[in-house]
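Visitor: Structure: model.cif, mmCIF, C-alpha atoms, pLDDT in the B column; chains and numbers go by the auth columns.
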```cif
data_protein
#
loop_
_atom_site.group_PDB
_atom_site.id
_atom_site.type_symbol
_atom_site.label_atom_id
_atom_site.label_comp_id
_atom_site.label_asym_id
_atom_site.label_seq_id
_atom_site.Cartn_x
_atom_site.Cartn_y
_atom_site.Cartn_z
_atom_site.B_iso_or_equiv
_atom_site.auth_seq_id
_atom_site.auth_asym_id
ATOM 1 C CA MET A 1 106.659 -34.659 -8.452 52.00 27 A
ATOM 2 C CA ALA A 2 104.504 -32.399 -6.311 49.00 28 A
ATOM 3 C CA ILE A 3 102.653 -29.588 -8.043 58.00 29 A
ATOM 4 C CA ASN A 4 101.897 -26.383 -6.124 66.00 30 A
ATOM 5 C CA PRO A 5 100.212 -24.081 -8.640 69.00 31 A
ATOM 6 C CA PRO A 6 99.350 -20.466 -7.804 76.00 32 A
ATOM 7 C CA ARG A 7 95.840 -19.772 -6.627 76.00 33 A
ATOM 8 C CA GLY A 8 93.267 -19.315 -9.364 77.00 34 A
ATOM 9 C CA THR A 9 94.993 -21.638 -11.852 86.00 35 A
ATOM 10 C CA GLN A 10 93.179 -24.887 -11.081 87.00 36 A
ATOM 11 C CA SER A 11 91.500 -25.022 -14.478 88.00 37 A
ATOM 12 C CA ILE A 12 94.888 -24.762 -16.202 91.00 38 A
ATOM 13 C CA VAL A 13 96.276 -27.613 -14.118 89.00 39 A
ATOM 14 C CA ARG A 14 93.246 -29.755 -14.953 91.00 40 A
ATOM 15 C CA ALA A 15 93.617 -29.020 -18.671 92.00 41 A
ATOM 16 C CA VAL A 16 97.307 -29.981 -18.643 90.00 42 A
ATOM 17 C CA GLU A 17 96.608 -33.186 -16.722 87.00 43 A
ATOM 18 C CA LEU A 18 93.931 -34.107 -19.255 91.00 44 A
ATOM 19 C CA LEU A 19 96.394 -33.534 -22.095 91.00 45 A
ATOM 20 C CA LYS A 20 98.937 -35.777 -20.379 86.00 46 A
ATOM 21 C CA VAL A 21 96.390 -38.551 -19.907 85.00 47 A
ATOM 22 C CA LEU A 22 95.390 -38.268 -23.574 87.00 48 A
ATOM 23 C CA GLY A 23 98.995 -39.087 -24.439 80.00 49 A
ATOM 24 C CA THR A 24 98.761 -42.476 -22.717 76.00 50 A
ATOM 25 C CA ARG A 25 96.270 -43.723 -25.337 79.00 51 A
ATOM 26 C CA ARG A 26 97.057 -41.559 -28.327 75.00 52 A
ATOM 27 C CA LYS A 27 95.954 -44.278 -30.792 78.00 53 A
ATOM 28 C CA ILE A 28 93.049 -45.863 -28.928 85.00 54 A
ATOM 29 C CA GLY A 29 91.710 -42.543 -27.704 89.00 55 A
ATOM 30 C CA TRP A 30 89.535 -41.817 -24.682 91.00 56 A
ATOM 31 C CA ARG A 31 85.796 -41.722 -24.123 92.00 57 A
ATOM 32 C CA LEU A 32 84.776 -38.687 -22.103 93.00 58 A
ATOM 33 C CA THR A 33 83.455 -40.762 -19.199 93.00 59 A
ATOM 34 C CA ASP A 34 86.670 -42.810 -18.982 90.00 60 A
ATOM 35 C CA LEU A 35 88.776 -39.668 -19.186 90.00 61 A
ATOM 36 C CA ALA A 36 86.787 -38.106 -16.364 90.00 62 A
ATOM 37 C CA ALA A 37 87.146 -41.213 -14.209 87.00 63 A
ATOM 38 C CA GLN A 38 90.886 -41.404 -14.869 84.00 64 A
ATOM 39 C CA CYS A 39 91.379 -37.782 -13.806 86.00 65 A
ATOM 40 C CA ARG A 40 88.882 -38.002 -10.932 86.00 66 A
ATOM 41 C CA LEU A 41 86.721 -35.241 -12.362 91.00 67 A
ATOM 42 C CA ASP A 42 83.013 -35.099 -13.096 93.00 68 A
ATOM 43 C CA ASP A 43 81.833 -35.521 -16.689 93.00 69 A
ATOM 44 C CA SER A 44 80.533 -31.966 -17.024 94.00 70 A
ATOM 45 C CA THR A 45 83.881 -30.462 -16.000 94.00 71 A
ATOM 46 C CA VAL A 46 85.802 -32.625 -18.454 93.00 72 A
ATOM 47 C CA HIS A 47 83.284 -31.890 -21.221 94.00 73 A
ATOM 48 C CA ARG A 48 83.732 -28.156 -20.677 95.00 74 A
ATOM 49 C CA ILE A 49 87.542 -28.339 -20.669 95.00 75 A
ATOM 50 C CA MET A 50 87.687 -30.644 -23.684 94.00 76 A
ATOM 51 C CA ALA A 51 85.344 -28.370 -25.642 94.00 77 A
ATOM 52 C CA CYS A 52 87.738 -25.479 -25.029 95.00 78 A
ATOM 53 C CA LEU A 53 90.838 -27.540 -25.901 95.00 79 A
ATOM 54 C CA SER A 54 89.111 -28.811 -29.046 94.00 80 A
ATOM 55 C CA SER A 55 88.340 -25.266 -30.174 95.00 81 A
ATOM 56 C CA LEU A 56 92.063 -24.499 -29.773 95.00 82 A
ATOM 57 C CA ARG A 57 93.003 -27.673 -31.715 94.00 83 A
ATOM 58 C CA LEU A 58 94.964 -28.979 -28.722 95.00 84 A
ATOM 59 C CA VAL A 59 92.724 -32.049 -28.792 94.00 85 A
ATOM 60 C CA GLN A 60 90.432 -33.500 -31.408 94.00 86 A
ATOM 61 C CA GLN A 61 87.463 -35.844 -31.383 92.00 87 A
ATOM 62 C CA ARG A 62 87.499 -38.603 -33.954 91.00 88 A
ATOM 63 C CA PRO A 63 84.357 -38.579 -36.129 89.00 89 A
ATOM 64 C CA GLY A 64 83.980 -42.370 -36.153 88.00 90 A
ATOM 65 C CA ASP A 65 83.908 -43.197 -32.443 91.00 91 A
ATOM 66 C CA ARG A 66 83.899 -39.707 -30.820 91.00 92 A
ATOM 67 C CA ARG A 67 86.969 -40.588 -28.776 94.00 93 A
ATOM 68 C CA TYR A 68 89.357 -37.800 -27.802 94.00 94 A
ATOM 69 C CA VAL A 69 92.969 -37.863 -29.056 92.00 95 A
ATOM 70 C CA PRO A 70 95.830 -35.306 -29.051 91.00 96 A
ATOM 71 C CA GLY A 71 95.378 -32.408 -31.461 92.00 97 A
ATOM 72 C CA PRO A 72 97.710 -30.926 -34.109 91.00 98 A
ATOM 73 C CA VAL A 73 98.617 -27.811 -32.129 92.00 99 A
ATOM 74 C CA LEU A 74 100.560 -30.028 -29.698 88.00 100 A
ATOM 75 C CA TYR A 75 102.856 -30.980 -32.567 85.00 101 A
ATOM 76 C CA GLU A 76 103.117 -27.359 -33.692 86.00 102 A
ATOM 77 C CA LEU A 77 104.167 -26.321 -30.189 86.00 103 A
ATOM 78 C CA ALA A 78 106.688 -29.159 -29.998 81.00 104 A
ATOM 79 C CA VAL A 79 108.442 -27.831 -33.099 79.00 105 A
ATOM 80 C CA ALA A 80 109.362 -24.787 -31.012 78.00 106 A
ATOM 81 C CA LEU A 81 111.701 -26.994 -28.911 77.00 107 A
ATOM 82 C CA PRO A 82 114.549 -27.782 -31.339 76.00 108 A
ATOM 83 C CA ASP A 83 116.976 -28.753 -28.582 74.00 109 A
ATOM 84 C CA HIS A 84 114.711 -31.603 -27.522 80.00 110 A
ATOM 85 C CA HIS A 85 114.633 -32.870 -31.102 86.00 111 A
ATOM 86 C CA ALA A 86 118.405 -32.437 -31.279 91.00 112 A
ATOM 87 C CA PHE A 87 118.806 -34.675 -28.221 93.00 113 A
ATOM 88 C CA GLN A 88 116.639 -37.348 -29.828 92.00 114 A
ATOM 89 C CA ALA A 89 118.678 -37.133 -33.048 93.00 115 A
ATOM 90 C CA ALA A 90 121.981 -37.243 -31.137 94.00 116 A
ATOM 91 C CA CYS A 91 120.961 -40.465 -29.364 96.00 117 A
ATOM 92 C CA HIS A 92 119.653 -42.172 -32.491 96.00 118 A
ATOM 93 C CA GLN A 93 122.994 -43.738 -33.420 96.00 119 A
ATOM 94 C CA SER A 94 123.207 -45.281 -29.962 96.00 120 A
ATOM 95 C CA LEU A 95 119.822 -46.902 -30.505 96.00 121 A
ATOM 96 C CA LEU A 96 120.930 -48.199 -33.890 96.00 122 A
ATOM 97 C CA ARG A 97 124.045 -49.763 -32.372 96.00 123 A
ATOM 98 C CA VAL A 98 122.287 -51.573 -29.521 96.00 124 A
ATOM 99 C CA ALA A 99 119.446 -52.741 -31.772 95.00 125 A
ATOM 100 C CA ARG A 100 121.859 -54.033 -34.429 95.00 126 A
ATOM 101 C CA LYS A 101 124.106 -55.838 -31.940 96.00 127 A
ATOM 102 C CA THR A 102 121.271 -57.532 -30.035 96.00 128 A
ATOM 103 C CA GLY A 103 118.580 -57.987 -32.674 94.00 129 A
ATOM 104 C CA TRP A 104 116.079 -56.414 -30.265 96.00 130 A
ATOM 105 C CA VAL A 105 114.195 -53.107 -30.463 95.00 131 A
ATOM 106 C CA GLY A 106 115.981 -50.051 -29.075 95.00 132 A
ATOM 107 C CA TYR A 107 114.092 -47.348 -27.167 96.00 133 A
ATOM 108 C CA LEU A 108 114.815 -43.843 -25.923 97.00 134 A
ATOM 109 C CA TYR A 109 112.604 -42.499 -23.149 96.00 135 A
ATOM 110 C CA LEU A 110 112.532 -38.992 -21.707 95.00 136 A
ATOM 111 C CA ARG A 111 111.645 -38.258 -18.112 95.00 137 A
ATOM 112 C CA SER A 112 108.583 -36.033 -17.661 91.00 138 A
ATOM 113 C CA GLY A 113 108.132 -35.483 -13.926 91.00 139 A
ATOM 114 C CA ASP A 114 106.682 -38.703 -12.537 92.00 140 A
ATOM 115 C CA ASP A 115 106.171 -40.073 -16.061 92.00 141 A
ATOM 116 C CA SER A 116 108.286 -41.181 -19.000 93.00 142 A
ATOM 117 C CA VAL A 117 107.668 -40.530 -22.694 92.00 143 A
ATOM 118 C CA CYS A 118 108.980 -42.604 -25.598 92.00 144 A
ATOM 119 C CA ILE A 119 110.788 -40.251 -28.007 92.00 145 A
ATOM 120 C CA ASP A 120 112.548 -42.738 -30.305 94.00 146 A
ATOM 121 C CA ARG A 121 112.371 -46.378 -31.331 93.00 147 A
ATOM 122 C CA VAL A 122 114.597 -48.439 -33.641 93.00 148 A
ATOM 123 C CA GLY A 123 114.189 -51.990 -34.951 88.00 149 A
ATOM 124 C CA THR A 124 111.506 -54.621 -35.354 80.00 150 A
ATOM 125 C CA SER A 125 110.469 -57.667 -33.343 74.00 151 A
ATOM 126 C CA SER A 126 108.684 -60.959 -33.790 71.00 152 A
ATOM 127 C CA VAL A 127 106.540 -60.179 -30.726 70.00 153 A
ATOM 128 C CA GLN A 128 103.997 -57.406 -30.307 65.00 154 A
ATOM 129 C CA LEU A 129 105.529 -54.357 -28.638 63.00 155 A
ATOM 130 C CA LEU A 130 102.948 -51.874 -27.424 63.00 156 A
ATOM 131 C CA ASN A 131 104.989 -48.724 -26.918 68.00 157 A
ATOM 132 C CA ASP A 132 105.395 -46.427 -29.910 77.00 158 A
ATOM 133 C CA ILE A 133 106.938 -42.977 -30.108 81.00 159 A
ATOM 134 C CA GLY A 134 104.832 -40.576 -28.064 82.00 160 A
ATOM 135 C CA ALA A 135 103.613 -43.186 -25.576 82.00 161 A
ATOM 136 C CA ARG A 136 103.464 -41.888 -21.998 84.00 162 A
ATOM 137 C CA ARG A 137 103.782 -44.151 -18.964 87.00 163 A
ATOM 138 C CA PRO A 138 104.308 -43.711 -15.210 91.00 164 A
ATOM 139 C CA LEU A 139 107.993 -44.144 -14.338 95.00 165 A
ATOM 140 C CA ALA A 140 107.137 -47.339 -12.457 94.00 166 A
ATOM 141 C CA GLY A 141 105.195 -48.576 -15.479 91.00 167 A
ATOM 142 C CA SER A 142 108.122 -49.811 -17.594 93.00 168 A
ATOM 143 C CA SER A 143 111.690 -51.045 -17.185 96.00 169 A
ATOM 144 C CA PHE A 144 112.861 -47.863 -18.923 97.00 170 A
ATOM 145 C CA GLY A 145 111.025 -45.660 -16.449 97.00 171 A
ATOM 146 C CA ILE A 146 112.234 -47.747 -13.512 97.00 172 A
ATOM 147 C CA ALA A 147 115.809 -47.261 -14.715 98.00 173 A
ATOM 148 C CA MET A 148 115.270 -43.536 -14.105 98.00 174 A
ATOM 149 C CA LEU A 149 113.277 -44.081 -10.914 97.00 175 A
ATOM 150 C CA LEU A 150 116.097 -46.060 -9.286 97.00 176 A
ATOM 151 C CA SER A 151 118.483 -43.147 -9.936 97.00 177 A
ATOM 152 C CA LEU A 152 116.420 -40.775 -7.791 97.00 178 A
ATOM 153 C CA SER A 153 117.031 -40.155 -4.103 95.00 179 A
ATOM 154 C CA SER A 154 115.176 -42.410 -1.664 94.00 180 A
ATOM 155 C CA GLN A 155 112.801 -39.591 -0.788 95.00 181 A
ATOM 156 C CA ASP A 156 112.010 -38.822 -4.429 95.00 182 A
ATOM 157 C CA GLN A 157 111.577 -42.527 -5.182 95.00 183 A
ATOM 158 C CA ARG A 158 108.973 -42.868 -2.447 94.00 184 A
ATOM 159 C CA ALA A 159 107.063 -39.785 -3.609 93.00 185 A
ATOM 160 C CA THR A 160 107.144 -40.890 -7.251 94.00 186 A
ATOM 161 C CA LEU A 161 106.060 -44.435 -6.424 93.00 187 A
ATOM 162 C CA ALA A 162 103.129 -43.129 -4.394 90.00 188 A
ATOM 163 C CA ALA A 163 101.965 -41.025 -7.330 88.00 189 A
ATOM 164 C CA ASN A 164 102.618 -43.826 -9.838 90.00 190 A
ATOM 165 C CA ARG A 165 100.670 -46.425 -7.866 85.00 191 A
ATOM 166 C CA LYS A 166 97.524 -44.323 -8.217 77.00 192 A
ATOM 167 C CA SER A 167 98.073 -43.976 -11.971 76.00 193 A
ATOM 168 C CA ILE A 168 98.843 -47.668 -12.472 78.00 194 A
ATOM 169 C CA ARG A 169 95.814 -48.799 -10.470 72.00 195 A
ATOM 170 C CA ALA A 170 93.623 -46.575 -12.617 66.00 196 A
ATOM 171 C CA ILE A 171 95.166 -47.532 -15.976 66.00 197 A
ATOM 172 C CA ALA A 172 95.876 -51.259 -15.540 66.00 198 A
ATOM 173 C CA PRO A 173 94.701 -52.640 -12.186 64.00 199 A
ATOM 174 C CA HIS A 174 94.873 -56.226 -13.499 67.00 200 A
ATOM 175 C CA ARG A 175 98.641 -55.856 -13.957 73.00 201 A
ATOM 176 C CA ASN A 176 99.413 -54.389 -10.539 79.00 202 A
ATOM 177 C CA SER A 177 101.222 -57.513 -9.287 87.00 203 A
ATOM 178 C CA GLY A 178 103.321 -57.510 -12.453 90.00 204 A
ATOM 179 C CA TYR A 179 104.465 -53.942 -11.833 91.00 205 A
ATOM 180 C CA VAL A 180 105.444 -54.905 -8.291 92.00 206 A
ATOM 181 C CA ARG A 181 107.473 -57.879 -9.553 95.00 207 A
ATOM 182 C CA MET A 182 109.196 -55.719 -12.155 96.00 208 A
ATOM 183 C CA LEU A 183 110.210 -53.136 -9.569 95.00 209 A
ATOM 184 C CA GLN A 184 111.519 -55.777 -7.159 96.00 210 A
ATOM 185 C CA ARG A 185 113.408 -57.529 -9.948 97.00 211 A
ATOM 186 C CA SER A 186 114.919 -54.238 -11.087 97.00 212 A
ATOM 187 C CA LYS A 187 116.121 -53.395 -7.587 96.00 213 A
ATOM 188 C CA ARG A 188 117.844 -56.788 -7.351 96.00 214 A
ATOM 189 C CA HIS A 189 119.557 -56.341 -10.720 96.00 215 A
ATOM 190 C CA GLY A 190 120.432 -52.669 -10.254 95.00 216 A
ATOM 191 C CA MET A 191 118.799 -51.700 -13.562 97.00 217 A
ATOM 192 C CA GLY A 192 115.363 -51.527 -15.097 98.00 218 A
ATOM 193 C CA ILE A 193 114.383 -55.032 -16.167 98.00 219 A
ATOM 194 C CA SER A 194 111.167 -56.889 -16.960 97.00 220 A
ATOM 195 C CA LEU A 195 111.048 -60.581 -17.781 97.00 221 A
ATOM 196 C CA GLY A 196 107.463 -61.034 -18.886 94.00 222 A
ATOM 197 C CA ASP A 197 106.238 -59.163 -15.815 93.00 223 A
ATOM 198 C CA ILE A 198 103.970 -56.769 -17.721 88.00 224 A
ATOM 199 C CA ILE A 199 103.530 -58.238 -21.205 86.00 225 A
ATOM 200 C CA GLN A 200 103.618 -62.014 -21.486 88.00 226 A
ATOM 201 C CA GLY A 201 106.452 -63.225 -23.711 92.00 227 A
ATOM 202 C CA VAL A 202 108.288 -59.876 -23.738 94.00 228 A
ATOM 203 C CA GLY A 203 111.508 -58.915 -21.950 96.00 229 A
ATOM 204 C CA SER A 204 113.087 -55.484 -21.600 96.00 230 A
ATOM 205 C CA ILE A 205 116.092 -53.755 -20.060 97.00 231 A
ATOM 206 C CA GLY A 206 116.700 -50.059 -19.384 98.00 232 A
ATOM 207 C CA PHE A 207 119.569 -47.830 -18.219 98.00 233 A
ATOM 208 C CA PRO A 208 119.338 -44.182 -17.135 98.00 234 A
ATOM 209 C CA ILE A 209 120.983 -41.194 -18.790 98.00 235 A
ATOM 210 C CA LEU A 210 122.066 -38.704 -16.108 97.00 236 A
ATOM 211 C CA ASP A 211 122.844 -34.994 -16.063 96.00 237 A
ATOM 212 C CA VAL A 212 125.874 -33.455 -14.343 95.00 238 A
ATOM 213 C CA LYS A 213 123.982 -33.495 -11.030 95.00 239 A
ATOM 214 C CA LEU A 214 123.394 -37.244 -11.475 95.00 240 A
ATOM 215 C CA GLN A 215 119.666 -36.713 -11.975 96.00 241 A
ATOM 216 C CA PRO A 216 117.936 -38.935 -14.558 97.00 242 A
ATOM 217 C CA VAL A 217 116.732 -37.105 -17.660 97.00 243 A
ATOM 218 C CA ALA A 218 116.244 -40.061 -20.005 97.00 244 A
ATOM 219 C CA ALA A 219 116.733 -43.791 -20.411 98.00 245 A
ATOM 220 C CA ILE A 220 117.997 -46.031 -23.186 98.00 246 A
ATOM 221 C CA GLY A 221 116.674 -49.554 -23.404 97.00 247 A
ATOM 222 C CA LEU A 222 115.935 -52.731 -25.324 97.00 248 A
ATOM 223 C CA ARG A 223 112.845 -54.889 -25.683 94.00 249 A
ATOM 224 C CA GLY A 224 112.415 -58.255 -27.388 94.00 250 A
ATOM 225 C CA PRO A 225 111.116 -61.841 -27.185 95.00 251 A
ATOM 226 C CA LEU A 226 111.381 -63.166 -23.630 95.00 252 A
ATOM 227 C CA GLY A 227 112.751 -66.511 -24.848 95.00 253 A
ATOM 228 C CA GLU A 228 115.905 -64.717 -26.031 95.00 254 A
ATOM 229 C CA PHE A 229 116.603 -63.143 -22.626 97.00 255 A
ATOM 230 C CA SER A 230 119.087 -65.710 -21.348 97.00 256 A
ATOM 231 C CA ARG A 231 121.429 -64.764 -18.510 96.00 257 A
ATOM 232 C CA ASP A 232 124.366 -64.299 -20.878 97.00 258 A
ATOM 233 C CA ARG A 233 122.397 -62.189 -23.358 97.00 259 A
ATOM 234 C CA ILE A 234 120.988 -60.030 -20.570 97.00 260 A
ATOM 235 C CA ALA A 235 124.502 -59.397 -19.257 97.00 261 A
ATOM 236 C CA ALA A 236 125.831 -58.536 -22.720 97.00 262 A
ATOM 237 C CA ALA A 237 122.884 -56.261 -23.507 97.00 263 A
ATOM 238 C CA ALA A 238 123.190 -54.542 -20.132 97.00 264 A
ATOM 239 C CA GLN A 239 126.841 -53.748 -20.812 97.00 265 A
ATOM 240 C CA LEU A 240 125.968 -52.354 -24.251 97.00 266 A
ATOM 241 C CA LEU A 241 123.287 -50.112 -22.772 98.00 267 A
ATOM 242 C CA ARG A 242 125.549 -48.951 -19.957 97.00 268 A
ATOM 243 C CA ASP A 243 128.285 -48.049 -22.448 97.00 269 A
ATOM 244 C CA GLU A 244 125.882 -46.131 -24.686 97.00 270 A
ATOM 245 C CA ALA A 245 124.296 -44.301 -21.746 97.00 271 A
ATOM 246 C CA GLU A 246 127.737 -43.207 -20.584 97.00 272 A
ATOM 247 C CA ARG A 247 128.671 -42.184 -24.138 97.00 273 A
ATOM 248 C CA ILE A 248 125.565 -39.988 -24.368 97.00 274 A
ATOM 249 C CA GLU A 249 126.317 -38.447 -20.963 97.00 275 A
ATOM 250 C CA ARG A 250 129.849 -37.562 -22.080 95.00 276 A
ATOM 251 C CA GLU A 251 129.039 -36.289 -25.550 95.00 277 A
ATOM 252 C CA GLN A 252 125.628 -34.653 -25.119 94.00 278 A
ATOM 253 C CA GLN A 253 125.848 -32.796 -21.814 91.00 279 A
ATOM 254 C CA GLU A 254 125.030 -29.470 -23.481 91.00 280 A
ATOM 255 C CA LEU A 255 121.773 -30.891 -24.828 91.00 281 A
ATOM 256 C CA ILE A 256 121.052 -32.777 -21.606 92.00 282 A
ATOM 257 C CA ALA A 257 121.360 -29.507 -19.696 89.00 283 A
ATOM 258 C CA GLU A 258 118.323 -28.183 -21.620 82.00 284 A
ATOM 259 C CA PHE A 259 116.126 -30.589 -19.661 81.00 285 A
#
```
Could I get this structure in the form of structure tokens?

Guide:
Amino acid sequence: MAINPPRGTQSIVRAVELLKVLGTRRKIGWRLTDLAAQCRLDDSTVHRIMACLSSLRLVQQRPGDRRYVPGPVLYELAVALPDHHAFQAACHQSLLRVARKTGWVGYLYLRSGDDSVCIDRVGTSSVQLLNDIGARRPLAGSSFGIAMLLSLSSQDQRATLAANRKSIRAIAPHRNSGYVRMLQRSKRHGMGISLGDIIQGVGSIGFPILDVKLQPVAAIGLRGPLGEFSRDRIAAAAQLLRDEAERIEREQQELIAEF
């Protein structure tokens, strides 16, 4: 999604981009030099911006390792968006149903421009699943994001993929071929799907949730042990997700419209 900010607001744009990047490693945190490299800024600029954001409690620096992580004011600001929380709560039963029926972990992702953000998660798994609530990824960086990506127009898909490729190369260059395989696989299946493409031994499926203009605002999905992703189970899980996505679209259009 192209950004054309008014003149004289470059520092604001940089600060917001830094906050977004912080959200991609909210538990691990970021060293200043890595954060600067990720955002293609010099260390002194990032140090200045982070000092300001820290004073405003939008970010914080952990005492133990001095890594930067999101600050408490971000949560306080989020509380001012009750409709977004209401959407998460309204979709929770759908996650419970798909997780219970499949035995896998259910996820709800929200579209955020060219990115996706995990806003709910239900269930447990015998394999390690990296994405927790609050995790931010490029749309092309997960089957859930790809489910939304494939619902965009061809022009918007190309623009988003171009932006995502830069992010993915910077975040996980060693997995670039896996992201390509996942996208190609998803196009063939007509849904977001990963069969060990990104995380060895883990499979996932995602379906988009659309607004009245057929634009993707969110995605519902499942993730679990790759060995359980047989053809029949994939087909059954895909139908469950499709049904729940359509249910949410029918019943929650008023909340969806807020996005």

Visitor: I need the residue nearest A:Pro242 from this list: A:Tyr94, A:Tyr133, A:Phe170, A:Phe113. Use only C-alpha atoms for the distance.

Guide: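 So, comparing all the options, the nearest one is A:Phe170.
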
Visitor: So that I can see what lies close to A:Leu44, please list as a PyMOL selection string the residues with an atom at most 12 Å from it, counting only C-alpha atoms and leaving out residues fewer than 2 positions away in the same chain.

Guide: chain A and resi 37-42+46-51+56+58+60-67+71-76+79+84-85+94-96

Visitor: Would you mind telling me which residue in A:Ile194, A:Ile260, A:Met174, A:Ala125 lies nearest to A:Lys213 when using all atoms listed in the file?

Guide: A:Met174

Visitor: Determine, using only C-alpha atoms, which residues of stretch 96-204 of chain A have any atom at most 12 Å from an atom of stretch 217-220 of chain A, and tabulate each with its shortest atom pair and distance in Å to one decimal place, rows ordered by chain and then rising number, as JSON lines.

Guide:
```
{"residue": "A:Leu165", "atom": "CA", "partner": "A:Gly218", "partner_atom": "CA", "distance": 10.5}
{"residue": "A:Ala166", "atom": "CA", "partner": "A:Gly218", "partner_atom": "CA", "distance": 9.6}
{"residue": "A:Gly167", "atom": "CA", "partner": "A:Ser220", "partner_atom": "CA", "distance": 10.3}
{"residue": "A:Ser168", "atom": "CA", "partner": "A:Ser220", "partner_atom": "CA", "distance": 7.7}
{"residue": "A:Ser169", "atom": "CA", "partner": "A:Gly218", "partner_atom": "CA", "distance": 4.3}
{"residue": "A:Phe170", "atom": "CA", "partner": "A:Gly218", "partner_atom": "CA", "distance": 5.9}
{"residue": "A:Gly171", "atom": "CA", "partner": "A:Gly218", "partner_atom": "CA", "distance": 7.4}
{"residue": "A:Ile172", "atom": "CA", "partner": "A:Gly218", "partner_atom": "CA", "distance": 5.2}
{"residue": "A:Ala173", "atom": "CA", "partner": "A:Gly218", "partner_atom": "CA", "distance": 4.3}
{"residue": "A:Met174", "atom": "CA", "partner": "A:Gly218", "partner_atom": "CA", "distance": 8.1}
{"residue": "A:Leu175", "atom": "CA", "partner": "A:Gly218", "partner_atom": "CA", "distance": 8.8}
{"residue": "A:Leu176", "atom": "CA", "partner": "A:Met217", "partner_atom": "CA", "distance": 7.6}
{"residue": "A:Ser177", "atom": "CA", "partner": "A:Met217", "partner_atom": "CA", "distance": 9.3}
{"residue": "A:Gly204", "atom": "CA", "partner": "A:Ser220", "partner_atom": "CA", "distance": 9.1}
```

Visitor: Under the rule that all atoms listed in the file are counted, which of A:Ala189, A:Leu267, A:Ala106, A:Cys117 is the nearest residue to A:Leu134?

Guide: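 Of A:Ala189, A:Leu267, A:Ala106, A:Cys117, the one nearest A:Leu134, counting all atoms listed in the file, is A:Cys117.
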
Visitor: One decimal, Å: what's the distance from atom CA of A:Ala244 over to atom CA of A:Ser142, could you say?

Guide: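 Distance between the two atoms: 8.1 Å.
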
Visitor: Measuring between only C-alpha atoms, which one of A:Glu275, A:Arg52, A:Gly132, A:Lys192 shows the shortest distance to A:Ser230?

Guide: A:Gly132

Visitor: What does the distance from atom CA of A:Pro89 to atom CA of A:Glu102 come to in Å, to one decimal?

Guide: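 These atoms are spaced 22.0 Å apart.
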
Visitor: Could you please determine the separation between atom CA of A:Pro108 and atom CA of A:Glu272 in Å, to one decimal place?

Guide: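 Calculated distance between atom CA of A:Pro108 and atom CA of A:Glu272 is 23.0 Å.
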
Visitor: Measuring atom to atom with only C-alpha atoms, identify which of A:Glu43, A:Gln119, A:Val105, A:Arg57 is nearest to A:Arg93.

Guide: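 Of the candidates, the smallest distance to A:Arg93 is held by A:Arg57.
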
Visitor: Determine, counting all atoms listed in the file, which protein, DNA and RNA residues have an atom within 9 Å of an atom of A:Arg207; residues of the same chain fewer than 3 positions away are not included. Present the result as a tab-separated table (two decimals) with C-alpha atoms, in the frame of the given file.

Guide:
```tsv
chain	number	residue	atom	x	y	z
A	202	ASN	CA	99.41	-54.39	-10.54
A	203	SER	CA	101.22	-57.51	-9.29
A	204	GLY	CA	103.32	-57.51	-12.45
A	210	GLN	CA	111.52	-55.78	-7.16
A	211	ARG	CA	113.41	-57.53	-9.95
A	212	SER	CA	114.92	-54.24	-11.09
A	220	SER	CA	111.17	-56.89	-16.96
A	223	ASP	CA	106.24	-59.16	-15.82
A	224	ILE	CA	103.97	-56.77	-17.72
```

Visitor: A:Val99, A:Leu236, A:Ala115, A:Leu187: which is nearest A:Val206, counting all atoms listed in the file?

Guide: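 Distance minimum relative to A:Val206 lands on A:Leu187.
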
Visitor: Which protein, DNA or RNA residues have an atom at most 12 Å from (118.8, -31.0, -17.8), counting all atoms listed in the file? List them as an NGL selection string.

Guide: :A and (109-110 or 113 or 136-138 or 235-244 or 275 or 278-285)

Visitor: Evaluate the PyMOL selection byres ((chain A and resi 161) around 7) on the structure here and hand back the selected residues as a VMD selection string.

Guide: chain A and resid 49 to 50 143 to 144 157 to 160 162 to 163

Visitor: May I have the selected residues written with C-alpha atoms, as an mmCIF file, in the frame of the given file?

Guide:
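Dumped everything to result_2.cif:
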```cif
data_model
loop_
_atom_site.group_PDB
_atom_site.id
_atom_site.type_symbol
_atom_site.label_atom_id
_atom_site.label_comp_id
_atom_site.auth_asym_id
_atom_site.auth_seq_id
_atom_site.Cartn_x
_atom_site.Cartn_y
_atom_site.Cartn_z
ATOM 1 C CA GLY A 49 98.995 -39.087 -24.439
ATOM 2 C CA THR A 50 98.761 -42.476 -22.717
ATOM 3 C CA VAL A 143 107.668 -40.530 -22.694
ATOM 4 C CA CYS A 144 108.980 -42.604 -25.598
ATOM 5 C CA ASN A 157 104.989 -48.724 -26.918
ATOM 6 C CA ASP A 158 105.395 -46.427 -29.910
ATOM 7 C CA ILE A 159 106.938 -42.977 -30.108
ATOM 8 C CA GLY A 160 104.832 -40.576 -28.064
ATOM 9 C CA ARG A 162 103.464 -41.888 -21.998
ATOM 10 C CA ARG A 163 103.782 -44.151 -18.964
#
```

Visitor: As lines of an AutoDock Vina configuration file, please report the centre and edge lengths, rounded to one decimal in Å, of the axis-aligned box that holds all listed atoms of stretch 132-149 of chain A with 5 Å of padding on each of the six sides.

Guide:
```
center_x = 111.1
center_y = -43.7
center_z = -23.7
size_x = 19.8
size_y = 26.5
size_z = 32.4
```
